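S.K.: Here you go, one structure.
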Amino acid sequence: MNGEELARITDEENRIKKSQPHQIHVCVAAACLSAHSEGLKEAFVKEIKGKGIEHECKVKGVGCLGLCAQAPLVSVGSEGVLYSNVTSQDVPRIVEGLGKEPVKELQVSLNVPFFTRQYRVVLDNCGRVDPERIEDYVSLGGYSALLKALNEMRPTEVIEQVTRSGLRGRGGAGYPTGLKWGTVSKASGARKFVVCNADEGDPGAFMDRTILASDPHKVLEGMTIAAYAVGASEGYIYVRAEYPLAVKRLKTAIHQAERLGVLGKNILSTEFNFSIEIRLGAGAFVCGEETALLASIEGKRGTPRPRPPYPAESGLWNMPTLINNVETYAHVPRIINEGGDWYAKLGTEKSKGTKMFALAGRVTNTGLIEVPMGMTLREIIFDIGGIPEGHKFKAVQTGGPSGGCVPEQYLDTPVDYESLAKLGSIMGSGGMIVMDETSCIVDVAKYFMDFCKSESCGKCIPCRVGTAHMHDILTKITNGTASMNDLSTLEELCDVVRNTSLCGLGQTAPNSILSTLRYFRDEYLAHIQRRTCPAGVCKLQEQSA
Amino acid sequence: MMAPAQERKQIAPPTDDKRWKIVQATMRRHGHAPNSLIETLHTVQETFGFLEKRSLEYVSLALRVPLSRVYGVATFYHFFTLKPPGEHVCVVCMGTACYIRGAQKVLEDIEQTAGTKAGQTSPNGRVSLLTARCLGSCGLAPNAVFDGEVVAKLTPAEAHKRVEGWMK
């Protein structure tokens with residue numbers, strides 16, 4: 001495989017596409033699948049076969065079309081028409097309308113903030129590319145960045161572009177990606193590894209698994225470029241076994257990439273070798289922490305260890321290891337193709353580029369979005385998401401169990417790493433859960449503490465005992481048996497657990513309590529002093545005389 | 001991967017069940033390396049439905065990993081189960097989006113219908129009730145999986161109907 005052959009595949013694909021003027025894209029990502037889109041796709045194929053128009057009409061399954069709230073979604077790629085809530089009864093009408101009048105009742109306007117306010121870098125292929133065909137990815141410019149990196153750039157130049165782009169780790173901590181790559185490339189070791197962290201464990205976050213299920217080759221390409229830059233020849237993708245769809249598509253993608261010669265030995269007819277293996281996680285949230293993840297790849301229990309040494313110097317089997325998150329790798333191909341300076345124009349001064357968010361909870365347009373950094377929370381929640389009529393926004397929870405709640409008065413804060421940290425929350429991997437008046441803030445804090453308690457690996461005592469103790473106190477508050485002393489113990493515990501835990505899980509576990517105490521203290525007090533739950537969620541005991 | 005490939009005696013599986021061949025294939029693919037423990041346990045669970053004591057003992061011998069470590073790994077990860085599942089499996093998503101949209105109520109209702117608690121199997125062995133951290137269909141919360149079928153925008157009534165059908 002070389003550049004000419006890639007170009008040939010692109011030409012061939014484009015020729016076929018041209019000969020088929022109608023392209024029907026049926027979303028086959030998680031949410032749409034649960035709304036039976038697989039059957040819908042078959043219905044389209046059958047209908048088109050029945051009419052004998054296969055030669056001019058192509059049906060393909062594509063990745064996430066974004067607006068999960070109105071699943072299943074179907075887009076007619078060639079005409080820029082998007083249909084929502086499609087059922088198999090609608091299929092004949094839609095096929096009939098191809099090239100003529102679109103079916104108005106099912107059509108979603110693309111000229112609404114949900115679509116117009118987004119800027120897609122990672123998701124640019126999402127909804128256009130068939131995740132199970134490498135040729136389709138190639139025809140959309142896939143693997144051209146790898147070709148460019150291998151043939152026209154030295155490894156240091158690749159790192160230089162990534163550094164200039166200002167890309168920061170999208171897993172949550174926001175460490176500068178170029179700096180990390182530089183450290184690994186300079187580290188010495190007999191072997192080096194590139195690891196992709198796809199252990200997206202935050203409840204309510206579905207960015208990474210959607211990328212893997214919708215456009216897996218983009219991640220493989222990003223990892224391969226990274227391996228070239230740091231001088232690694234072996235890679236692992238650590239993905240949760242709970243995401244069977246992502247695992248299946250990833251396996252297919254790796255197999256196809258090896259067959260095409262863009263992965264494996266002598267990639268794109270160069271001297272460069274790189275292989276990728278999938279390692280299945282087994283449901284431990286702590287394995288999102290990098291040292292715990294590496295332990296798990298080595299077949300051990302996923303418990304973290306103190307850093308330094310950082311994995312960049314001593315990671316898998318004590319060799320230098322580059323570890324980045326799925327979304328981070330998925331940014332790389334575009335950065336290489338269009339240059340670091342192009343990317344750096346997007347976003348804010350300290351947080352460059354775009355970020356994906358999984359918008360869920362009490363918003364109208366739940367779904368997957370990608371926006372430039374620096375957009376305000378209000379724009380994301382009210383313009384893109386939209387609060388259903390008759391409900392009142394109460395708080396938005398960002399960053400999953402490690403993050404915090406942000407109330408209405410701070411919604412004009414731009415979304416970037418530093419601003420969210422100042423509010424007592426974190427960027428995290430990008431889950432955004434909107435709550436309205438029907439949610440009790442203390443109950444939500446208890447929910448997250450229950451999560452942290454059961455996910456604590458038990459290695460260090462502050463986290464193991466602290467999270468359990470904090471959960472006990474929150475339980476007392478929500479059932480109406482707590483006193484003001486309990487509240488001060490809770491605050492003290494937050495401080496201890498935050499400052500003395502070994503890894504990120506424990507250090508951030510108190511965030512959900514601290515941020516809610518900061519903005520919704522009166523709700524805690526209502527539970528403790530007046531024995532009432534303002535949202536009417538908690539069942540409190542009657543006050544004893 | 002670390003230890004050089006050594007000649008070793010073939011360890012015989014605990015029974016002559018043909019399915020052990022699938023497990024052996026996984027171990028062979030990884031060169032019987034101790035670090036393939038988790039991958040191997042995944043295969044055992046996928047093949048047999050759960051991790052029995054004799055499966056753990058066999059994997060321990062075949063990969064030369066102390067049984068204590070095999071047991072430690074098998075119990076550390078939530079995905080692995082040491083008990084056989086019921087005839088039907090219901091997984092209720094307890095992700096944040098589902099929780100905000102009333103998954104707790106759905107779960108309580110199923111617990112009552114099936115007469116069991118989350119993480120356990122009903123006394124008649126018909127229904128295993130599990131919870132998931134997040135299924136990734138947050139846009140259509142709340143969700144649950146009934147025998148592999150993901151059901152979106154689930155109501156307590158719908159959940160009750162399905163589980164009651166299984167219990168008969």
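Residue names in the structure tokens use chain letters A, B, ... in the order shown, residue numbers from 1 in each chain, and ligand numbers from 1 in the order shown.
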Please build the interface table for chain A against chain B with a cut-off of 6 Å, listing for each qualifying residue the nearest atom pair and the distance in Å to one decimal; count only C-alpha atoms, order rows by chain and increasing number, and write it as a tab-separated table.
M.R.:
residue	atom	partner	partner_atom	distance
A:Ala30	CA	B:Ser137	CA	5.8
A:Ala31	CA	B:Ser137	CA	4.4
A:Ser34	CA	B:Val150	CA	5.2
A:Cys68	CA	B:Gly139	CA	5.1
A:Ala69	CA	B:Gly139	CA	5.0
A:Pro203	CA	B:Gly95	CA	4.4
A:Gly204	CA	B:Thr96	CA	5.2
A:Phe206	CA	B:Gly136	CA	5.1
A:Ala282	CA	B:Phe79	CA	4.9
A:Gly283	CA	B:Phe79	CA	5.1
A:Ala284	CA	B:Tyr77	CA	5.6
A:Glu298	CA	B:Asn35	CA	4.8
A:Gly299	CA	B:Asn35	CA	4.2
A:Arg301	CA	B:Val73	CA	5.2
A:Ala360	CA	B:Gly139	CA	5.7
A:Gly361	CA	B:Ala97	CA	4.8
A:Thr366	CA	B:Gly139	CA	4.8
A:Gly367	CA	B:Gly139	CA	5.5
S.K.: With distances taken over only C-alpha atoms, which of A:Arg133, A:Arg521, A:Arg530, A:Arg209 is nearest to A:Val442?
M.R.: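 Nearest candidate to A:Val442 out of A:Arg133, A:Arg521, A:Arg530, A:Arg209: A:Arg521.
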S.K.: Report as JSON, numbers by chain: the residues of stretch 273-319 of chain A with a DSSP assignment of strand (DSSP E or B), based on the backbone of this structure.
M.R.: {"A": [274, 275, 276, 277, 278, 279, 280, 281]}
S.K.: Would you output that residue set with N, CA and C atoms, as a PDB file, in the first residue's frame?
M.R.:
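Heads up, here's the output in again_36.pdb:
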ATOM      1  N   PHE A 274       3.992  -1.000  13.247  1.00  0.00           N
ATOM      2  CA  PHE A 274       3.207  -0.722  14.450  1.00  0.00           C
ATOM      3  C   PHE A 274       2.003  -1.650  14.482  1.00  0.00           C
ATOM      4  N   SER A 275       1.815  -2.333  15.611  1.00  0.00           N
ATOM      5  CA  SER A 275       0.661  -3.216  15.727  1.00  0.00           C
ATOM      6  C   SER A 275      -0.197  -2.792  16.908  1.00  0.00           C
ATOM      7  N   ILE A 276      -1.482  -3.040  16.785  1.00  0.00           N
ATOM      8  CA  ILE A 276      -2.396  -2.659  17.870  1.00  0.00           C
ATOM      9  C   ILE A 276      -3.163  -3.881  18.346  1.00  0.00           C
ATOM     10  N   GLU A 277      -3.225  -4.044  19.665  1.00  0.00           N
ATOM     11  CA  GLU A 277      -4.013  -5.119  20.259  1.00  0.00           C
ATOM     12  C   GLU A 277      -5.108  -4.511  21.119  1.00  0.00           C
ATOM     13  N   ILE A 278      -6.241  -5.188  21.147  1.00  0.00           N
ATOM     14  CA  ILE A 278      -7.328  -4.715  22.012  1.00  0.00           C
ATOM     15  C   ILE A 278      -7.230  -5.432  23.343  1.00  0.00           C
ATOM     16  N   ARG A 279      -7.366  -4.703  24.423  1.00  0.00           N
ATOM     17  CA  ARG A 279      -7.485  -5.342  25.728  1.00  0.00           C
ATOM     18  C   ARG A 279      -8.825  -4.939  26.321  1.00  0.00           C
ATOM     19  N   LEU A 280      -9.576  -5.943  26.750  1.00  0.00           N
ATOM     20  CA  LEU A 280     -10.894  -5.653  27.281  1.00  0.00           C
ATOM     21  C   LEU A 280     -10.833  -5.333  28.764  1.00  0.00           C
ATOM     22  N   GLY A 281     -11.424  -4.231  29.125  1.00  0.00           N
ATOM     23  CA  GLY A 281     -11.580  -3.908  30.534  1.00  0.00           C
ATOM     24  C   GLY A 281     -12.669  -4.797  31.096  1.00  0.00           C
TER      25      GLY A 281
END
S.K.: Can you list, as a PyMOL selection string, every protein, DNA or RNA residue that comes within 12 Å of stretch 110-117 of chain B when you count only C-alpha atoms, leaving out same-chain residues fewer than 4 positions away?
M.R.: chain B and resi 86+88-92+103-106+121-131+144+146+154-168
S.K.: Atom CA of A:Leu517 and atom CA of A:Lys459, how far apart in Å?
M.R.: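 Going from atom CA of A:Lys459 over to atom CA of A:Leu517, I get 27.8 Å.
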S.K.: Can you pull out the residues contacting A:Thr328? Cut-off 10 Å, using only C-alpha atoms, and skip same-chain residues under 6 positions away; I want them as an MDAnalysis selection string.
M.R.: chainID A and resid 122 167:171 177 196:197 208 219 222:223 355
S.K.: Between A:Thr478, A:Thr467, A:Ser488, A:Ser501, which has the minimum distance to A:Pro304 (counting only C-alpha atoms)?
M.R.: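 Selected residue with least distance to A:Pro304: A:Ser501.
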S.K.: Counting only C-alpha atoms, what is within 9 Å of stretch 14-18 of chain B, bar same-chain residues fewer than 4 positions away, as a list in words?
M.R.: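 Near stretch 14-18 of chain B, the qualifying residues are Ile22, Arg54, Ser55, Glu57 and Tyr58 of chain B.
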S.K.: Go through A:Thr163, A:Ser454, A:Asn324, A:Asn14 and flag the residue nearest A:Asp199, using only C-alpha atoms for the distances.
M.R.: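 Nearest to A:Asp199: A:Asn324.
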S.K.: Quick check, in Å to one decimal: how far apart do atom CA of A:Thr376 and atom CA of A:Asp416 lie?
M.R.: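 Straight-line distance from atom CA of A:Thr376 to atom CA of A:Asp416 works out to 9.1 Å.
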S.K.: Report as a list of chain:residue names all protein, DNA and RNA residues lying within 9 Å of A:Ser351, evaluated on only C-alpha atoms, omitting residues in the same chain fewer than 6 positions from it.
M.R.: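 My reading of the contact set: A:Gly166, A:Leu167, A:Arg168, A:Gly174, A:Ala344, A:Met373, A:Gly374, A:Val415, A:Asp416, A:Tyr417, A:Glu418.
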S.K.: Write a file of the just-selected residues containing N, CA and C atoms, as an mmCIF file, in the first residue's frame.
M.R.:
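Result file follows (selection08.cif):
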data_model
loop_
_atom_site.group_PDB
_atom_site.id
_atom_site.type_symbol
_atom_site.label_atom_id
_atom_site.label_comp_id
_atom_site.auth_asym_id
_atom_site.auth_seq_id
_atom_site.Cartn_x
_atom_site.Cartn_y
_atom_site.Cartn_z
ATOM 1 N N GLY A 166 -1.576 23.145 20.398
ATOM 2 C CA GLY A 166 -2.057 23.454 21.741
ATOM 3 C C GLY A 166 -3.028 22.409 22.267
ATOM 4 N N LEU A 167 -3.110 21.260 21.589
ATOM 5 C CA LEU A 167 -4.032 20.201 22.020
ATOM 6 C C LEU A 167 -3.691 19.736 23.430
ATOM 7 N N ARG A 168 -4.731 19.622 24.253
ATOM 8 C CA ARG A 168 -4.538 19.116 25.603
ATOM 9 C C ARG A 168 -5.362 17.856 25.798
ATOM 10 N N GLY A 174 -6.247 17.444 31.029
ATOM 11 C CA GLY A 174 -5.825 18.554 30.193
ATOM 12 C C GLY A 174 -4.330 18.758 30.107
ATOM 13 N N ALA A 344 -4.843 25.681 16.349
ATOM 14 C CA ALA A 344 -4.685 26.603 17.467
ATOM 15 C C ALA A 344 -5.569 27.839 17.330
ATOM 16 N N MET A 373 -13.954 25.214 22.142
ATOM 17 C CA MET A 373 -13.718 25.571 23.535
ATOM 18 C C MET A 373 -14.041 27.049 23.713
ATOM 19 N N GLY A 374 -14.520 27.391 24.886
ATOM 20 C CA GLY A 374 -14.794 28.792 25.157
ATOM 21 C C GLY A 374 -16.245 29.168 24.953
ATOM 22 N N VAL A 415 -16.569 27.472 28.585
ATOM 23 C CA VAL A 415 -16.129 26.108 28.872
ATOM 24 C C VAL A 415 -14.662 25.959 28.484
ATOM 25 N N ASP A 416 -13.805 25.936 29.451
ATOM 26 C CA ASP A 416 -12.412 25.561 29.244
ATOM 27 C C ASP A 416 -11.893 24.959 30.546
ATOM 28 N N TYR A 417 -10.709 24.369 30.496
ATOM 29 C CA TYR A 417 -10.210 23.617 31.653
ATOM 30 C C TYR A 417 -10.158 24.478 32.910
ATOM 31 N N GLU A 418 -9.604 25.703 32.776
ATOM 32 C CA GLU A 418 -9.375 26.522 33.959
ATOM 33 C C GLU A 418 -10.683 27.077 34.543
#
S.K.: For the atom pair atom CA of A:His469 and atom CA of A:Thr481, what is the interatomic distance in Å to one decimal place?
M.R.: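 Answer for the atom CA of A:His469 to atom CA of A:Thr481 separation: 15.0 Å.
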S.K.: If DSSP is run on the backbone, what residues of stretch 38-164 of chain B are alpha helix (DSSP H)? A reply as a ChimeraX atom specification would be ideal.
M.R.: /B:38-48,53-63,67-76,96-100,103-114,156-164
